[in-house]
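File shown: input-v7.cif. Contents: mmCIF, C-alpha atoms.
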data_final
loop_
_atom_site.group_PDB
_atom_site.id
_atom_site.type_symbol
_atom_site.label_atom_id
_atom_site.label_comp_id
_atom_site.auth_asym_id
_atom_site.auth_seq_id
_atom_site.Cartn_x
_atom_site.Cartn_y
_atom_site.Cartn_z
ATOM 1 C CA MET O 28 0.000 0.000 0.000
ATOM 2 C CA LYS O 29 1.378 3.380 -0.971
ATOM 3 C CA PRO O 30 1.558 6.082 1.757
ATOM 4 C CA GLU O 31 -1.032 8.785 1.422
ATOM 5 C CA LYS O 32 -0.019 12.319 0.650
ATOM 6 C CA PRO O 33 1.210 14.240 3.745
ATOM 7 C CA GLY O 34 -1.611 16.765 3.426
ATOM 8 C CA THR O 35 -4.389 14.132 3.549
ATOM 9 C CA ARG O 36 -6.071 12.786 6.662
ATOM 10 C CA ILE O 37 -5.187 9.245 7.714
ATOM 11 C CA ASN O 38 -6.720 6.907 10.266
ATOM 12 C CA GLY O 39 -5.469 6.402 13.777
ATOM 13 C CA ASP O 40 -4.065 2.937 13.088
ATOM 14 C CA ARG O 41 -1.717 4.254 10.431
ATOM 15 C CA LEU O 42 -0.637 7.166 12.624
ATOM 16 C CA SER O 43 0.094 4.656 15.352
ATOM 17 C CA LEU O 44 2.227 2.577 12.995
ATOM 18 C CA LEU O 45 4.141 5.618 11.769
ATOM 19 C CA THR O 46 4.813 6.708 15.337
ATOM 20 C CA LYS O 47 5.892 3.223 16.425
ATOM 21 C CA VAL O 48 8.348 2.825 13.540
ATOM 22 C CA ALA O 49 9.726 6.340 14.111
ATOM 23 C CA ARG O 50 10.282 5.729 17.846
ATOM 24 C CA LEU O 51 11.932 2.353 17.279
ATOM 25 C CA TYR O 52 14.347 3.865 14.783
ATOM 26 C CA HIS O 53 15.050 7.352 16.151
ATOM 27 C CA GLU O 54 14.613 6.913 19.920
ATOM 28 C CA GLN O 55 15.637 3.310 20.530
ATOM 29 C CA GLY O 56 18.267 3.094 17.781
ATOM 30 C CA ILE O 57 16.918 -0.126 16.294
ATOM 31 C CA ARG O 58 18.056 -0.745 12.719
ATOM 32 C CA GLN O 59 15.582 -0.972 9.875
ATOM 33 C CA PRO O 60 16.025 -4.744 9.209
ATOM 34 C CA GLU O 61 15.297 -5.481 12.884
ATOM 35 C CA ILE O 62 12.215 -3.224 12.830
ATOM 36 C CA ALA O 63 10.957 -5.040 9.719
ATOM 37 C CA GLU O 64 11.430 -8.409 11.399
ATOM 38 C CA ARG O 65 9.780 -7.287 14.642
ATOM 39 C CA LEU O 66 6.708 -5.815 12.871
ATOM 40 C CA THR O 67 6.597 -8.496 10.162
ATOM 41 C CA ILE O 68 6.782 -6.030 7.297
ATOM 42 C CA SER O 69 9.352 -5.479 4.539
ATOM 43 C CA GLN O 70 12.452 -3.345 5.077
ATOM 44 C CA SER O 71 11.470 -1.179 2.091
ATOM 45 C CA ARG O 72 8.146 -0.451 3.793
ATOM 46 C CA VAL O 73 9.967 0.531 6.993
ATOM 47 C CA SER O 74 12.026 2.981 4.943
ATOM 48 C CA ARG O 75 8.882 4.448 3.341
ATOM 49 C CA LEU O 76 7.171 4.780 6.715
ATOM 50 C CA LEU O 77 10.165 6.634 8.170
ATOM 51 C CA LYS O 78 10.131 9.076 5.257
ATOM 52 C CA GLU O 79 6.407 9.598 5.668
ATOM 53 C CA ALA O 80 6.865 10.228 9.405
ATOM 54 C CA VAL O 81 9.257 13.041 8.540
ATOM 55 C CA ALA O 82 6.935 14.454 5.873
ATOM 56 C CA ARG O 83 4.002 14.496 8.301
ATOM 57 C CA GLY O 84 5.986 16.209 11.045
ATOM 58 C CA ILE O 85 5.990 13.206 13.389
ATOM 59 C CA VAL O 86 9.788 13.270 13.221
ATOM 60 C CA ARG O 87 11.513 16.650 13.314
ATOM 61 C CA THR O 88 15.214 17.346 13.134
ATOM 62 C CA VAL O 89 16.403 19.891 15.684
ATOM 63 C CA VAL O 90 19.962 21.217 15.873
ATOM 64 C CA VAL O 91 20.904 22.238 19.409
ATOM 65 C CA PRO O 92 24.000 24.491 19.359
ATOM 66 C CA PRO O 93 26.394 23.793 22.245
ATOM 67 C CA VAL O 94 27.299 26.525 24.713
ATOM 68 C CA GLY O 95 29.749 29.002 23.187
ATOM 69 C CA VAL O 96 28.532 28.597 19.598
ATOM 70 C CA TYR O 97 26.497 31.422 18.028
ATOM 71 C CA PRO O 98 24.858 30.334 14.738
ATOM 72 C CA GLU O 99 21.990 32.831 15.094
ATOM 73 C CA LEU O 100 24.399 35.754 15.489
ATOM 74 C CA GLU O 101 26.418 34.505 12.522
ATOM 75 C CA ASP O 102 23.333 34.156 10.317
ATOM 76 C CA ALA O 103 22.006 37.586 11.333
ATOM 77 C CA LEU O 104 25.309 39.338 10.606
ATOM 78 C CA GLN O 105 25.691 37.512 7.313
ATOM 79 C CA ALA O 106 22.223 38.582 6.205
ATOM 80 C CA ARG O 107 22.438 42.184 7.384
ATOM 81 C CA TYR O 108 25.795 42.951 5.785
ATOM 82 C CA GLN O 109 25.564 40.529 2.827
ATOM 83 C CA LEU O 110 28.696 38.647 3.822
ATOM 84 C CA ARG O 111 30.057 35.417 2.417
ATOM 85 C CA ASP O 112 30.686 34.000 5.879
ATOM 86 C CA VAL O 113 30.794 34.979 9.560
ATOM 87 C CA VAL O 114 32.471 33.252 12.495
ATOM 88 C CA VAL O 115 31.547 34.436 15.985
ATOM 89 C CA ALA O 116 33.911 33.346 18.744
ATOM 90 C CA ASP O 117 32.975 32.954 22.382
ATOM 91 C CA SER O 118 34.883 35.487 24.471
ATOM 92 C CA GLY O 119 34.917 35.092 28.220
ATOM 93 C CA GLY O 120 35.278 38.842 28.671
ATOM 94 C CA GLN O 121 35.614 42.144 26.869
ATOM 95 C CA ASP O 122 39.191 42.868 27.900
ATOM 96 C CA GLU O 123 41.799 43.027 25.134
ATOM 97 C CA MET O 124 43.480 39.715 25.947
ATOM 98 C CA SER O 125 40.220 37.713 26.148
ATOM 99 C CA LEU O 126 39.087 39.139 22.806
ATOM 100 C CA LEU O 127 42.405 38.426 21.097
ATOM 101 C CA ASN O 128 42.499 34.853 22.372
ATOM 102 C CA ALA O 129 38.923 34.259 21.197
ATOM 103 C CA ILE O 130 39.163 35.723 17.716
ATOM 104 C CA GLY O 131 42.699 34.413 17.272
ATOM 105 C CA GLY O 132 41.559 30.849 17.875
ATOM 106 C CA ALA O 133 38.463 31.286 15.689
ATOM 107 C CA GLY O 134 40.506 32.809 12.864
ATOM 108 C CA ALA O 135 43.033 29.988 13.054
ATOM 109 C CA ALA O 136 40.285 27.349 12.900
ATOM 110 C CA TYR O 137 38.634 29.129 9.951
ATOM 111 C CA LEU O 138 41.857 29.273 7.929
ATOM 112 C CA GLU O 139 42.833 25.697 8.773
ATOM 113 C CA THR O 140 39.413 24.559 7.542
ATOM 114 C CA THR O 141 38.985 26.699 4.429
ATOM 115 C CA LEU O 142 42.437 27.195 2.890
ATOM 116 C CA HIS O 143 43.332 25.042 -0.107
ATOM 117 C CA ALA O 144 46.681 23.973 -1.513
ATOM 118 C CA ASP O 145 46.428 26.363 -4.472
ATOM 119 C CA ASP O 146 45.383 29.444 -2.481
ATOM 120 C CA ARG O 147 47.518 32.567 -2.768
ATOM 121 C CA VAL O 148 47.031 34.428 0.492
ATOM 122 C CA GLY O 149 47.663 38.150 0.909
ATOM 123 C CA ILE O 150 48.341 39.367 4.439
ATOM 124 C CA SER O 151 48.354 42.963 5.652
ATOM 125 C CA SER O 152 50.783 44.629 8.016
ATOM 126 C CA TRP O 153 51.364 43.525 11.596
ATOM 127 C CA SER O 154 48.370 43.776 13.920
ATOM 128 C CA ALA O 155 47.491 42.236 17.265
ATOM 129 C CA SER O 156 44.508 40.315 15.834
ATOM 130 C CA LEU O 157 46.449 38.827 12.921
ATOM 131 C CA LEU O 158 49.310 37.915 15.228
ATOM 132 C CA ALA O 159 46.805 36.095 17.476
ATOM 133 C CA VAL O 160 45.464 34.143 14.483
ATOM 134 C CA VAL O 161 48.850 33.074 13.181
ATOM 135 C CA ASP O 162 50.125 32.161 16.664
ATOM 136 C CA ALA O 163 47.083 29.921 17.178
ATOM 137 C CA MET O 164 47.637 27.991 13.937
ATOM 138 C CA ALA O 165 49.364 24.618 14.018
ATOM 139 C CA PRO O 166 51.686 23.476 11.190
ATOM 140 C CA ARG O 167 49.857 21.312 8.668
ATOM 141 C CA PRO O 168 51.117 17.873 7.537
ATOM 142 C CA THR O 169 50.360 18.857 3.939
ATOM 143 C CA ARG O 170 50.530 22.206 2.152
ATOM 144 C CA SER O 171 47.406 24.315 2.632
ATOM 145 C CA ALA O 172 48.404 27.367 0.547
ATOM 146 C CA ARG O 173 50.658 28.019 -2.413
ATOM 147 C CA SER O 174 52.010 31.403 -1.326
ATOM 148 C CA VAL O 175 51.649 34.012 1.407
ATOM 149 C CA VAL O 176 52.189 37.515 0.062
ATOM 150 C CA GLN O 177 52.755 40.679 2.063
ATOM 151 C CA VAL O 178 50.364 43.304 0.633
ATOM 152 C CA ILE O 179 51.594 46.376 2.496
ATOM 153 C CA GLY O 180 54.883 47.421 4.030
ATOM 154 C CA GLY O 181 55.394 47.856 7.748
ATOM 155 C CA VAL O 182 54.080 50.988 9.455
ATOM 156 C CA GLY O 183 55.826 52.802 12.273
ATOM 157 C CA HIS O 184 59.201 51.997 13.785
ATOM 158 C CA ALA O 185 61.702 49.887 11.867
ATOM 159 C CA SER O 186 61.282 47.124 14.469
ATOM 160 C CA VAL O 187 57.570 46.963 13.633
ATOM 161 C CA GLN O 188 58.320 46.649 9.935
ATOM 162 C CA VAL O 189 60.375 43.591 10.843
ATOM 163 C CA LYS O 190 57.335 42.198 12.689
ATOM 164 C CA ALA O 191 55.252 42.534 9.522
ATOM 165 C CA THR O 192 57.830 40.393 7.727
ATOM 166 C CA ARG O 193 57.793 37.830 10.532
ATOM 167 C CA LEU O 194 53.995 37.639 10.386
ATOM 168 C CA THR O 195 54.188 36.749 6.692
ATOM 169 C CA GLU O 196 56.947 34.255 7.384
ATOM 170 C CA ARG O 197 55.024 32.590 10.217
ATOM 171 C CA LEU O 198 51.808 32.153 8.191
ATOM 172 C CA ALA O 199 53.809 30.737 5.290
ATOM 173 C CA SER O 200 55.541 28.316 7.654
ATOM 174 C CA VAL O 201 52.357 26.857 9.194
ATOM 175 C CA THR O 202 50.643 26.507 5.788
ATOM 176 C CA GLY O 203 53.658 25.170 3.928
ATOM 177 C CA ALA O 204 53.462 28.081 1.485
ATOM 178 C CA GLU O 205 56.145 30.170 -0.169
ATOM 179 C CA PRO O 206 56.542 33.543 1.598
ATOM 180 C CA VAL O 207 56.661 36.648 -0.606
ATOM 181 C CA PHE O 208 57.952 39.669 1.310
ATOM 182 C CA LEU O 209 57.513 43.361 0.558
ATOM 183 C CA PRO O 210 60.883 44.892 1.484
ATOM 184 C CA ALA O 211 59.620 48.447 1.994
ATOM 185 C CA PRO O 212 57.809 50.725 4.456
ATOM 186 C CA GLY O 213 54.038 50.927 4.189
ATOM 187 C CA LEU O 214 53.983 54.713 4.069
ATOM 188 C CA VAL O 215 56.498 56.862 2.194
ATOM 189 C CA ALA O 216 57.122 60.609 1.881
ATOM 190 C CA ASN O 217 55.126 61.282 -1.279
ATOM 191 C CA LYS O 218 53.714 59.897 -4.524
ATOM 192 C CA VAL O 219 56.978 60.345 -6.418
ATOM 193 C CA VAL O 220 58.842 58.164 -3.937
ATOM 194 C CA ARG O 221 56.080 55.554 -3.972
ATOM 195 C CA ASP O 222 55.933 55.343 -7.774
ATOM 196 C CA SER O 223 59.693 55.099 -7.933
ATOM 197 C CA LEU O 224 59.732 52.215 -5.466
ATOM 198 C CA PHE O 225 56.992 50.424 -7.415
ATOM 199 C CA THR O 226 59.379 50.203 -10.367
ATOM 200 C CA ASP O 227 62.121 48.658 -8.248
ATOM 201 C CA LEU O 228 62.487 45.036 -9.366
ATOM 202 C CA PRO O 229 62.078 43.271 -5.971
ATOM 203 C CA ILE O 230 58.975 45.359 -5.175
ATOM 204 C CA ALA O 231 57.566 45.103 -8.705
ATOM 205 C CA SER O 232 57.618 41.305 -8.449
ATOM 206 C CA VAL O 233 55.556 41.468 -5.246
ATOM 207 C CA VAL O 234 53.077 43.875 -6.858
ATOM 208 C CA SER O 235 52.726 41.392 -9.704
ATOM 209 C CA ALA O 236 51.872 38.637 -7.193
ATOM 210 C CA TRP O 237 48.994 40.769 -5.849
ATOM 211 C CA GLN O 238 47.094 40.232 -9.091
ATOM 212 C CA ASP O 239 46.710 36.493 -8.409
ATOM 213 C CA LEU O 240 45.588 36.563 -4.780
ATOM 214 C CA THR O 241 42.663 34.298 -3.912
ATOM 215 C CA VAL O 242 42.401 35.171 -0.200
ATOM 216 C CA LEU O 243 43.179 38.368 1.700
ATOM 217 C CA LEU O 244 43.704 38.314 5.475
ATOM 218 C CA VAL O 245 43.420 41.722 7.161
ATOM 219 C CA GLY O 246 42.780 43.492 10.418
ATOM 220 C CA ILE O 247 40.469 46.495 10.607
ATOM 221 C CA GLY O 248 42.230 49.579 11.890
ATOM 222 C CA SER O 249 40.661 52.177 14.152
ATOM 223 C CA LEU O 250 41.584 55.814 14.630
ATOM 224 C CA ARG O 251 41.657 54.877 18.301
ATOM 225 C CA PRO O 252 44.633 52.485 18.361
ATOM 226 C CA SER O 253 44.972 49.952 21.140
ATOM 227 C CA PRO O 254 47.622 50.568 23.823
ATOM 228 C CA LEU O 255 49.603 47.662 22.337
ATOM 229 C CA LEU O 256 49.698 49.240 18.880
ATOM 230 C CA LYS O 257 50.447 52.679 20.317
ATOM 231 C CA GLU O 258 53.400 51.374 22.289
ATOM 232 C CA SER O 259 54.708 49.400 19.327
ATOM 233 C CA GLY O 260 54.710 52.433 17.049
ATOM 234 C CA ASN O 261 52.511 50.660 14.506
ATOM 235 C CA THR O 262 50.365 53.772 13.996
ATOM 236 C CA LEU O 263 50.311 57.052 12.123
ATOM 237 C CA SER O 264 51.424 60.300 13.717
ATOM 238 C CA GLU O 265 48.979 62.387 15.771
ATOM 239 C CA GLU O 266 48.980 65.047 13.025
ATOM 240 C CA GLU O 267 48.092 62.479 10.378
ATOM 241 C CA MET O 268 45.355 61.033 12.581
ATOM 242 C CA ALA O 269 43.889 64.495 13.197
ATOM 243 C CA GLY O 270 43.820 65.228 9.476
ATOM 244 C CA LEU O 271 41.984 61.969 8.798
ATOM 245 C CA ARG O 272 39.402 62.713 11.485
ATOM 246 C CA GLU O 273 38.700 66.092 9.915
ATOM 247 C CA LEU O 274 37.957 64.302 6.654
ATOM 248 C CA GLY O 275 35.490 61.996 8.410
ATOM 249 C CA ALA O 276 37.628 58.859 8.537
ATOM 250 C CA VAL O 277 36.758 56.244 11.167
ATOM 251 C CA GLY O 278 39.099 53.397 10.219
ATOM 252 C CA ASP O 279 41.071 51.583 7.550
ATOM 253 C CA VAL O 280 41.852 48.341 5.810
ATOM 254 C CA CYS O 281 45.442 48.185 4.558
ATOM 255 C CA LEU O 282 45.819 51.957 5.207
ATOM 256 C CA ARG O 283 42.882 52.734 2.919
ATOM 257 C CA PHE O 284 40.760 54.947 5.165
ATOM 258 C CA PHE O 285 36.968 55.119 4.994
ATOM 259 C CA ASP O 286 34.150 57.051 6.643
ATOM 260 C CA ALA O 287 31.230 55.768 8.748
ATOM 261 C CA ASP O 288 29.441 54.560 5.599
ATOM 262 C CA GLY O 289 32.495 52.698 4.361
ATOM 263 C CA VAL O 290 33.236 55.212 1.600
ATOM 264 C CA LEU O 291 36.898 55.785 0.777
ATOM 265 C CA VAL O 292 38.211 59.052 2.220
ATOM 266 C CA GLU O 293 40.128 61.069 -0.338
ATOM 267 C CA SER O 294 43.213 61.798 1.731
ATOM 268 C CA PRO O 295 46.760 62.794 0.702
ATOM 269 C CA LEU O 296 47.825 59.573 2.439
ATOM 270 C CA ASN O 297 46.381 57.531 -0.435
ATOM 271 C CA ASP O 298 49.253 58.566 -2.692
ATOM 272 C CA ARG O 299 51.822 57.671 -0.051
ATOM 273 C CA VAL O 300 50.745 54.097 0.668
ATOM 274 C CA LEU O 301 53.084 51.431 -0.621
ATOM 275 C CA GLY O 302 50.634 48.588 -0.749
ATOM 276 C CA LEU O 303 47.599 47.078 -2.359
ATOM 277 C CA SER O 304 45.391 49.640 -4.130
ATOM 278 C CA VAL O 305 41.667 49.859 -3.438
ATOM 279 C CA ASP O 306 40.803 48.263 -6.783
ATOM 280 C CA GLU O 307 43.319 45.453 -6.254
ATOM 281 C CA LEU O 308 41.950 44.859 -2.763
ATOM 282 C CA ARG O 309 38.347 44.623 -3.943
ATOM 283 C CA ARG O 310 39.290 42.198 -6.724
ATOM 284 C CA VAL O 311 40.460 39.522 -4.273
ATOM 285 C CA PRO O 312 37.723 36.838 -4.295
ATOM 286 C CA ARG O 313 37.723 36.211 -0.527
ATOM 287 C CA ARG O 314 38.586 39.012 1.902
ATOM 288 C CA VAL O 315 38.788 37.893 5.531
ATOM 289 C CA ALA O 316 38.844 40.392 8.414
ATOM 290 C CA VAL O 317 39.721 39.460 11.987
ATOM 291 C CA ALA O 318 38.573 42.163 14.407
ATOM 292 C CA GLY O 319 36.628 42.716 17.600
ATOM 293 C CA GLY O 320 36.166 44.802 20.710
ATOM 294 C CA GLU O 321 34.127 47.812 21.801
ATOM 295 C CA ARG O 322 36.784 50.195 20.496
ATOM 296 C CA LYS O 323 36.318 48.857 16.968
ATOM 297 C CA VAL O 324 32.553 48.402 16.650
ATOM 298 C CA GLU O 325 32.035 51.622 14.657
ATOM 299 C CA THR O 326 35.027 50.845 12.453
ATOM 300 C CA ILE O 327 33.981 47.253 11.752
ATOM 301 C CA ARG O 328 30.444 48.372 10.944
ATOM 302 C CA ALA O 329 31.798 50.928 8.457
ATOM 303 C CA ALA O 330 34.063 48.342 6.817
ATOM 304 C CA LEU O 331 31.116 45.974 6.409
ATOM 305 C CA ARG O 332 28.874 48.719 5.021
ATOM 306 C CA GLY O 333 31.534 49.569 2.459
ATOM 307 C CA GLN O 334 32.048 45.886 1.589
ATOM 308 C CA TRP O 335 35.777 46.127 2.206
ATOM 309 C CA VAL O 336 35.668 42.528 3.413
ATOM 310 C CA ASP O 337 33.241 39.657 2.859
ATOM 311 C CA VAL O 338 34.221 37.323 5.703
ATOM 312 C CA LEU O 339 34.234 38.463 9.337
ATOM 313 C CA ILE O 340 35.847 36.704 12.290
ATOM 314 C CA THR O 341 34.744 38.428 15.491
ATOM 315 C CA ASP O 342 33.569 37.822 19.067
ATOM 316 C CA ASN O 343 30.074 37.481 20.537
ATOM 317 C CA TRP O 344 30.123 40.906 22.260
ATOM 318 C CA THR O 345 31.074 42.710 19.046
ATOM 319 C CA ALA O 346 28.594 40.680 16.977
ATOM 320 C CA LYS O 347 25.708 41.758 19.221
ATOM 321 C CA ALA O 348 26.802 45.402 19.057
ATOM 322 C CA LEU O 349 26.978 45.253 15.246
ATOM 323 C CA LEU O 350 23.360 44.079 15.139
ATOM 324 C CA GLU O 351 22.007 46.667 17.555
ATOM 325 C CA SER O 352 22.157 49.681 15.239
#
Could I get this file's structure written as structure tokens?
Amino acid sequence: MKPEKPGTRINGDRLSLLTKVARLYHEQGIRQPEIAERLTISQSRVSRLLKEAVARGIVRTVVVPPVGVYPELEDALQARYQLRDVVVADSGGQDEMSLLNAIGGAGAAYLETTLHADDRVGISSWSASLLAVVDAMAPRPTRSARSVVQVIGGVGHASVQVKATRLTERLASVTGAEPVFLPAPGLVANKVVRDSLFTDLPIASVVSAWQDLTVLLVGIGSLRPSPLLKESGNTLSEEEMAGLRELGAVGDVCLRFFDADGVLVESPLNDRVLGLSVDELRRVPRRVAVAGGERKVETIRAALRGQWVDVLITDNWTAKALLES
């Protein structure tokens, strides 16, 4: 006998049979051949009855997220900002170290899961969040990226520029990729100097590698730098910061500053950046940002509005704040 259509009424005996088969299989873990033998029906009929039980709503699949996992926040952020993907990490607190540990671990897990052997990964200058990600990654037994390319020179003290190189080197090491370094500062005196450096053979070869990037890994900078960044010298001067604020800037990705709506700010700094251009940045198929914390909520929101990135790794506190406005 063929099962009736789910929308039709059926008698109590059939409902009883559907329920019995469903409970035996789903609650008691009895296999279909054993159910068929116990009820003296064919195994194919057991299979049909189980499917009908699902269709009629007798059996319902429910996913129960464990504590510390936030699928609803991830889905809401993805829908609101039209993102490719969102990962929300569980942070035990809102202090800087708790946030960095949370998003660092989440970023590491995301990259370890999603990178492929042929990926060409661009990485921006040194930042606390990117450092946390790379430090949390474990070396892979097989290659998980083809190359790791530095997309902007170091900013600030010479020692910090060395850290940017080490960040590239570390990510290349754990993924088994070839590191491609940008042997230059991220910000130079003027456009003439920048254009001249772009023609230098070692730098020109790096610029050429930017055209083939498949993944971009960035932090999201705020005009309110963290104490760690301030102490390290990995920031612009106070005069430069003040000028950007006057123009309406709230943050940056790869030293490309944008306003609260995510629109690029036309600043003299744009001609001084030795790094990925805005057009080159937007052409990268997958652009992953790792950022969180109360200090950066406005900046992250602006970056998402402007579609500077399409994957966000953040923490549960920041995710909630991004959805409140």
As a list of chain:residue names, please: the residues near range 92-101 of chain O (cut-off 6 Å, only C-alpha atoms, same-chain neighbours under 2 positions excluded). O:Ala103, O:Leu104, O:Val113, O:Asp117
Selection dump of the PyMOL selection byres ((chain O and resi 144) around 10), as a PyMOL selection string: chain O and resi 142-143+145-147+169-174+202-204
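Atom pair CA of Arg283 in chain O / CA of Ser232 in chain O has a distance of 21.8 Å (rounded to one decimal).
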Could you expand the PyMOL selection byres ((chain O and resi 321) around 10) into the explicit residues it covers here, written as number ranges by chain? O: 121-123, 319-320, 322-326, 344-345, 348
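Between Leu76 in chain O and the residues O:Val89, O:Ala165, O:Leu214, O:Leu51, the shortest atom-to-atom distance, using all atoms listed in the file, involves O:Leu51.
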